[in-house]
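The structure file query-v2.cif is reproduced below (mmCIF, C-alpha atoms).
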```
data_my_file
#
loop_
_atom_site.label_atom_id
_atom_site.label_comp_id
_atom_site.auth_asym_id
_atom_site.auth_seq_id
_atom_site.Cartn_x
_atom_site.Cartn_y
_atom_site.Cartn_z
CA MET A 1 33.70 87.51 -49.41
CA GLY A 2 33.66 88.65 -45.77
CA PRO A 3 35.34 91.81 -44.42
CA GLN A 4 38.40 89.86 -43.22
CA ASN A 5 38.91 88.19 -46.60
CA ASP A 6 38.42 91.50 -48.39
CA TRP A 7 41.02 93.11 -46.13
CA ALA A 8 43.45 90.27 -46.81
CA ARG A 9 42.94 90.54 -50.56
CA ARG A 10 43.47 94.31 -50.63
CA THR A 11 46.49 94.13 -48.35
CA ALA A 12 48.05 91.38 -50.47
CA ALA A 13 47.53 93.42 -53.65
CA LEU A 14 49.11 96.50 -52.07
CA VAL A 15 52.15 94.68 -50.66
CA GLY A 16 52.58 92.59 -53.80
CA GLY A 17 52.58 95.71 -55.98
CA GLU A 18 55.18 97.41 -53.81
CA CYS A 19 57.41 94.32 -53.90
CA ALA A 20 57.15 94.08 -57.68
CA GLU A 21 58.34 97.70 -57.98
CA LEU A 22 61.24 97.02 -55.63
CA LEU A 23 62.32 93.91 -57.54
CA ALA A 24 62.09 95.72 -60.89
CA ALA A 25 64.82 98.13 -59.77
CA PRO A 26 68.49 97.23 -59.10
CA GLN A 27 68.83 95.82 -55.58
CA THR A 28 71.57 94.61 -53.30
CA PRO A 29 71.29 90.88 -52.50
CA PRO A 30 69.96 91.48 -48.93
CA ALA A 31 67.34 93.96 -50.21
CA ARG A 32 66.30 91.58 -53.00
CA ALA A 33 65.94 88.71 -50.53
CA ALA A 34 63.82 90.87 -48.23
CA ALA A 35 61.57 91.90 -51.13
CA TYR A 36 61.08 88.25 -52.11
CA ARG A 37 60.12 87.34 -48.56
CA MET A 38 57.58 90.17 -48.50
CA LEU A 39 56.23 89.03 -51.86
CA ARG A 40 55.88 85.51 -50.45
CA ALA A 41 53.82 86.84 -47.56
CA ALA A 42 51.62 88.79 -49.99
CA ARG A 43 51.06 85.79 -52.27
CA ASN A 44 50.18 83.56 -49.32
CA LEU A 45 47.79 86.15 -47.92
CA GLU A 46 46.11 86.49 -51.31
CA LEU A 47 45.74 82.72 -51.65
CA TRP A 48 44.38 82.35 -48.12
CA ALA A 49 41.72 84.98 -48.86
CA ALA A 50 40.82 83.25 -52.14
CA LEU A 51 40.48 79.80 -50.58
CA ALA A 52 38.56 81.09 -47.57
CA GLY A 53 36.23 83.04 -49.86
CA GLY A 54 35.51 80.19 -52.28
CA GLY A 55 37.89 81.41 -54.97
CA ALA A 56 40.70 79.52 -56.77
CA PRO A 57 38.52 77.77 -59.38
CA ALA A 58 38.96 74.04 -59.86
CA ARG A 59 40.44 72.66 -63.06
CA VAL A 60 41.48 69.12 -63.87
CA MET A 61 45.20 68.69 -63.26
CA ASP A 62 47.71 65.88 -62.93
CA LEU A 63 48.82 65.94 -59.30
CA ALA A 64 51.86 63.77 -60.01
CA ALA A 65 53.12 65.72 -63.03
CA SER A 66 52.62 69.07 -61.33
CA ALA A 67 54.48 67.93 -58.21
CA ARG A 68 57.28 66.46 -60.32
CA ALA A 69 57.90 69.76 -62.15
CA LEU A 70 57.75 71.82 -58.95
CA LEU A 71 60.16 69.55 -57.11
CA GLU A 72 62.56 69.37 -60.04
CA ALA A 73 62.70 73.17 -60.10
CA ALA A 74 62.99 73.32 -56.31
CA ARG A 75 66.09 71.14 -56.44
CA GLU A 76 67.73 73.73 -58.69
CA VAL A 77 67.09 76.69 -56.40
CA TRP A 78 67.82 74.82 -53.17
CA PRO A 79 70.26 72.04 -54.20
CA LEU A 80 70.06 69.65 -51.27
CA PRO A 81 71.77 66.29 -51.84
CA PRO A 82 69.49 63.26 -52.33
CA ALA A 83 70.31 62.06 -48.83
CA LEU A 84 68.73 65.21 -47.36
CA LEU A 85 65.89 65.73 -49.85
CA HIS A 86 64.32 62.46 -50.92
CA VAL A 87 61.67 62.80 -53.65
CA SER A 88 59.40 60.03 -54.91
CA VAL A 89 56.53 60.78 -57.32
CA CYS A 90 54.06 58.25 -58.70
CA SER A 91 54.82 57.46 -62.35
CA GLN A 92 51.12 57.18 -63.23
CA PRO A 93 48.89 60.24 -63.79
CA LEU A 94 46.85 61.32 -60.77
CA PRO A 95 43.97 63.42 -62.15
CA VAL A 96 42.29 65.66 -59.56
CA ALA A 97 40.00 68.70 -59.74
CA ALA A 98 41.82 71.56 -58.03
CA SER A 99 43.66 74.82 -58.64
CA GLU A 100 47.14 74.06 -59.99
CA PRO A 101 48.63 77.44 -58.94
CA ALA A 102 47.23 76.96 -55.44
CA PHE A 103 48.61 73.42 -55.27
CA GLY A 104 52.05 74.70 -56.23
CA ALA A 105 51.95 77.25 -53.42
CA VAL A 106 50.79 74.63 -50.92
CA LEU A 107 53.46 72.07 -51.86
CA LEU A 108 56.26 74.62 -51.79
CA ASN A 109 55.00 76.11 -48.52
CA LEU A 110 55.16 72.68 -46.89
CA LEU A 111 58.64 72.10 -48.31
CA CYS A 112 59.79 75.54 -47.16
CA ASN A 113 58.43 74.87 -43.65
CA SER A 114 60.56 71.75 -43.42
CA LEU A 115 63.65 73.56 -44.77
CA VAL A 116 63.22 76.52 -42.40
CA HIS A 117 62.43 74.50 -39.27
CA GLY A 118 64.71 71.56 -39.97
CA GLY A 119 67.99 73.16 -38.90
CA ALA A 120 71.25 73.70 -40.80
CA LYS A 121 71.01 70.33 -42.60
CA PRO A 122 67.30 69.57 -42.89
CA ALA A 123 66.30 66.08 -43.97
CA VAL A 124 63.05 66.08 -45.92
CA SER A 125 61.02 63.43 -47.74
CA VAL A 126 58.40 64.39 -50.34
CA ARG A 127 56.24 61.65 -51.83
CA VAL A 128 53.25 61.72 -54.18
CA VAL A 129 51.37 58.43 -54.27
CA ARG A 130 48.05 56.89 -55.13
CA GLN A 131 46.08 55.53 -52.20
CA GLY A 132 42.89 53.89 -53.44
CA SER A 133 40.72 56.60 -54.99
CA ARG A 134 42.91 59.47 -53.81
CA GLY A 135 46.10 61.20 -54.84
CA VAL A 136 48.21 61.96 -51.79
CA LEU A 137 51.07 64.39 -51.16
CA LEU A 138 53.23 63.39 -48.17
CA VAL A 139 55.85 65.76 -46.75
CA ARG A 140 57.96 64.49 -43.86
CA ASP A 141 60.90 66.01 -42.04
CA TRP A 142 63.05 64.97 -39.10
CA GLY A 143 63.46 68.39 -37.51
CA PRO A 144 62.59 69.43 -33.93
CA GLY A 145 58.85 69.07 -34.56
CA ILE A 146 56.07 71.27 -33.21
CA PRO A 147 56.05 71.86 -29.44
CA HIS A 148 53.04 70.41 -27.63
CA HIS A 149 51.81 73.85 -26.58
CA ARG A 150 51.67 75.01 -30.22
CA GLN A 151 50.14 71.97 -31.90
CA ARG A 152 46.54 73.13 -31.42
CA GLN A 153 47.42 76.44 -33.07
CA ALA A 154 49.42 74.97 -35.95
CA LEU A 155 46.49 75.11 -38.38
CA ALA A 156 45.24 78.51 -37.22
CA PRO A 157 46.07 81.39 -39.61
CA PHE A 158 48.68 83.93 -38.47
CA SER A 159 49.94 81.83 -35.56
CA GLY A 160 53.50 81.30 -36.81
CA ALA A 161 56.40 81.18 -34.39
CA ALA A 162 57.93 84.54 -33.51
CA GLY A 163 61.23 85.32 -35.19
CA LEU A 164 60.63 83.01 -38.14
CA PRO A 165 59.81 84.19 -41.68
CA GLY A 166 56.25 84.32 -42.97
CA LEU A 167 52.75 84.95 -41.68
CA GLY A 168 52.08 81.51 -40.25
CA LEU A 169 49.95 80.54 -43.25
CA GLY A 170 51.81 77.51 -44.63
CA LEU A 171 49.87 74.81 -42.75
CA PRO A 172 46.53 76.70 -42.71
CA LEU A 173 46.81 77.08 -46.50
CA ALA A 174 47.20 73.32 -46.90
CA ALA A 175 44.14 72.71 -44.73
CA ALA A 176 42.10 75.36 -46.57
CA PHE A 177 43.18 73.96 -49.95
CA ALA A 178 42.07 70.45 -48.95
CA GLY A 179 38.72 71.71 -47.71
CA ARG A 180 38.12 73.81 -50.83
CA PHE A 181 38.61 70.86 -53.20
CA GLY A 182 36.97 68.05 -51.26
CA GLY A 183 40.13 66.56 -49.82
CA ALA A 184 41.69 66.12 -46.39
CA PHE A 185 44.79 67.41 -44.65
CA THR A 186 46.37 65.76 -41.64
CA LEU A 187 49.34 66.74 -39.54
CA GLU A 188 51.36 64.66 -37.08
CA SER A 189 54.25 65.85 -34.97
CA ARG A 190 56.18 64.78 -31.94
CA PRO A 191 58.79 67.05 -30.38
CA GLY A 192 62.22 65.94 -31.50
CA GLN A 193 60.83 63.63 -34.19
CA GLY A 194 59.81 66.07 -36.91
CA VAL A 195 56.55 66.71 -38.74
CA ALA A 196 54.53 64.57 -41.15
CA ALA A 197 51.92 66.30 -43.33
CA ALA A 198 49.52 64.53 -45.71
CA LEU A 199 47.30 66.20 -48.31
CA ALA A 200 44.80 63.85 -50.00
CA LEU A 201 42.56 64.77 -52.95
CA PRO A 202 39.93 62.60 -54.63
CA LEU A 203 40.86 61.31 -58.07
CA CYS A 204 38.47 62.14 -60.90
CA PRO A 205 37.79 60.47 -64.27
CA VAL A 206 39.17 62.39 -67.21
CA ALA A 207 39.65 61.65 -70.90
CA LYS A 208 42.63 63.94 -71.43
CA LEU A 209 44.87 65.74 -68.97
CA PRO A 210 46.20 69.23 -69.68
CA ARG A 211 49.90 69.73 -70.25
CA PRO A 212 51.69 69.96 -66.89
CA PRO A 213 54.02 72.83 -65.97
CA HIS A 214 57.68 72.55 -66.93
CA ALA A 215 60.51 72.99 -64.47
CA ALA A 216 62.47 75.03 -67.01
CA ALA A 217 59.61 77.53 -67.34
CA LEU A 218 59.36 77.84 -63.56
CA LEU A 219 63.08 78.53 -63.33
CA ALA A 220 63.01 81.06 -66.18
CA ASP A 221 60.34 83.18 -64.44
CA ARG A 222 61.95 85.10 -61.57
CA TYR A 223 58.47 85.59 -60.03
CA SER A 224 57.49 81.92 -60.23
CA PRO A 225 56.26 80.23 -57.03
CA VAL A 226 59.51 78.27 -56.80
CA TYR A 227 61.52 81.41 -56.11
CA VAL A 228 58.80 83.19 -54.16
CA GLN A 229 57.75 80.33 -51.90
CA LEU A 230 61.28 79.09 -51.21
CA SER A 231 62.69 82.59 -50.73
CA PRO A 232 63.51 82.13 -46.99
CA ARG A 233 66.04 79.46 -47.93
CA CYS A 234 66.64 79.41 -51.69
CA ILE A 235 69.22 81.02 -53.95
CA LEU A 236 67.38 83.99 -55.46
CA PRO A 237 67.81 85.10 -59.08
CA ASP A 238 69.75 88.25 -59.96
#
```
Written form, structure tokens:
Amino acid sequence: MGPQNDWARRTAALVGGECAELLAAPQTPPARAAAYRMLRAARNLELWAALAGGGAPARVMDLAASARALLEAAREVWPLPPALLHVSVCSQPLPVAASEPAFGAVLLNLLCNSLVHGGAKPAVSVRVVRQGSRGVLLVRDWGPGIPHHRQRQALAPFSGAAGLPGLGLGLPLAAAFAGRFGGAFTLESRPGQGVAAALALPLCPVAKLPRPPHAAALLADRYSPVYVQLSPRCILPD
């Protein structure tokens, strides 16, 4: 791990520890929301360092089942109507070799990006499909899109727009995740026509898939990625 990754890892551990202490004590709603946003930044920084340094070990997982549980839980903490959040997940298993915790962070980061940048009533589509020998996550929104002058920087770490929550790691994390596990990440955007992101991972043969996460377990854990990653827009637990 290089000096930059080591710095990121240590900084993430320090900030994450401080946030955990803050959240363990009684907090006003604004203070709790701020602590969750800081914890989100720390978790993303930690994941970015792990992916860039060759960490986040690969395990066989069901891309479809994992996405289904994450999105079911996400609907509970940010209850957008079906007309504004359209979800479609392949009914067949999609076995891939990747890090399930990292995938959860990537999916929810992409969803949060669309919710944050999509305006007061963001319209978002999330699909998980099979395309040949790949499992593909597609996240599409119809927000203002990425300005032309920022599109080259969109996948560069720490280049987020000023005044918006986060460290600018949502899209770079998706690209790093795809590279780490032999996949591909593409991004398309036109100003005024939203953003379309696609994460594709190669399918792998497997005799038995592990049990996928459950939405109820994600909602019961106040530090789960659903609350942490959606903290800029979601209803946070007491």
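Of the listed residues A:Arg59, A:Arg130, A:Arg190, A:Lys121, the one whose atoms come nearest to Leu94 of chain A is A:Arg130, with distances taken using all atoms listed in the file.
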note - atom CA of Ser133 of chain A and atom CA of Asp62 of chain A are separated by 14.1 Å
Written as JSON, numbers by chain, which residues does the PyMOL selection byres ((chain A and resi 230) around 9) give for the file shown? {"A": [37, 40, 74, 77, 78, 108, 109, 111, 112, 115, 225, 226, 227, 228, 229, 231, 232, 233, 234, 235, 236]}
Quick one: apply the PyMOL selection byres ((chain A and resi 87) around 9) to the file and drop the selected residues here as a ChimeraX atom specification. /A:68,71,82,85-86,88-89,124-128
Counting all atoms listed in the file, the option among A:Pro57, A:Pro26, A:Pro95, A:Pro213 closest to Glu72 of chain A: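 Selected residue with least distance to Glu72 of chain A: A:Pro213.
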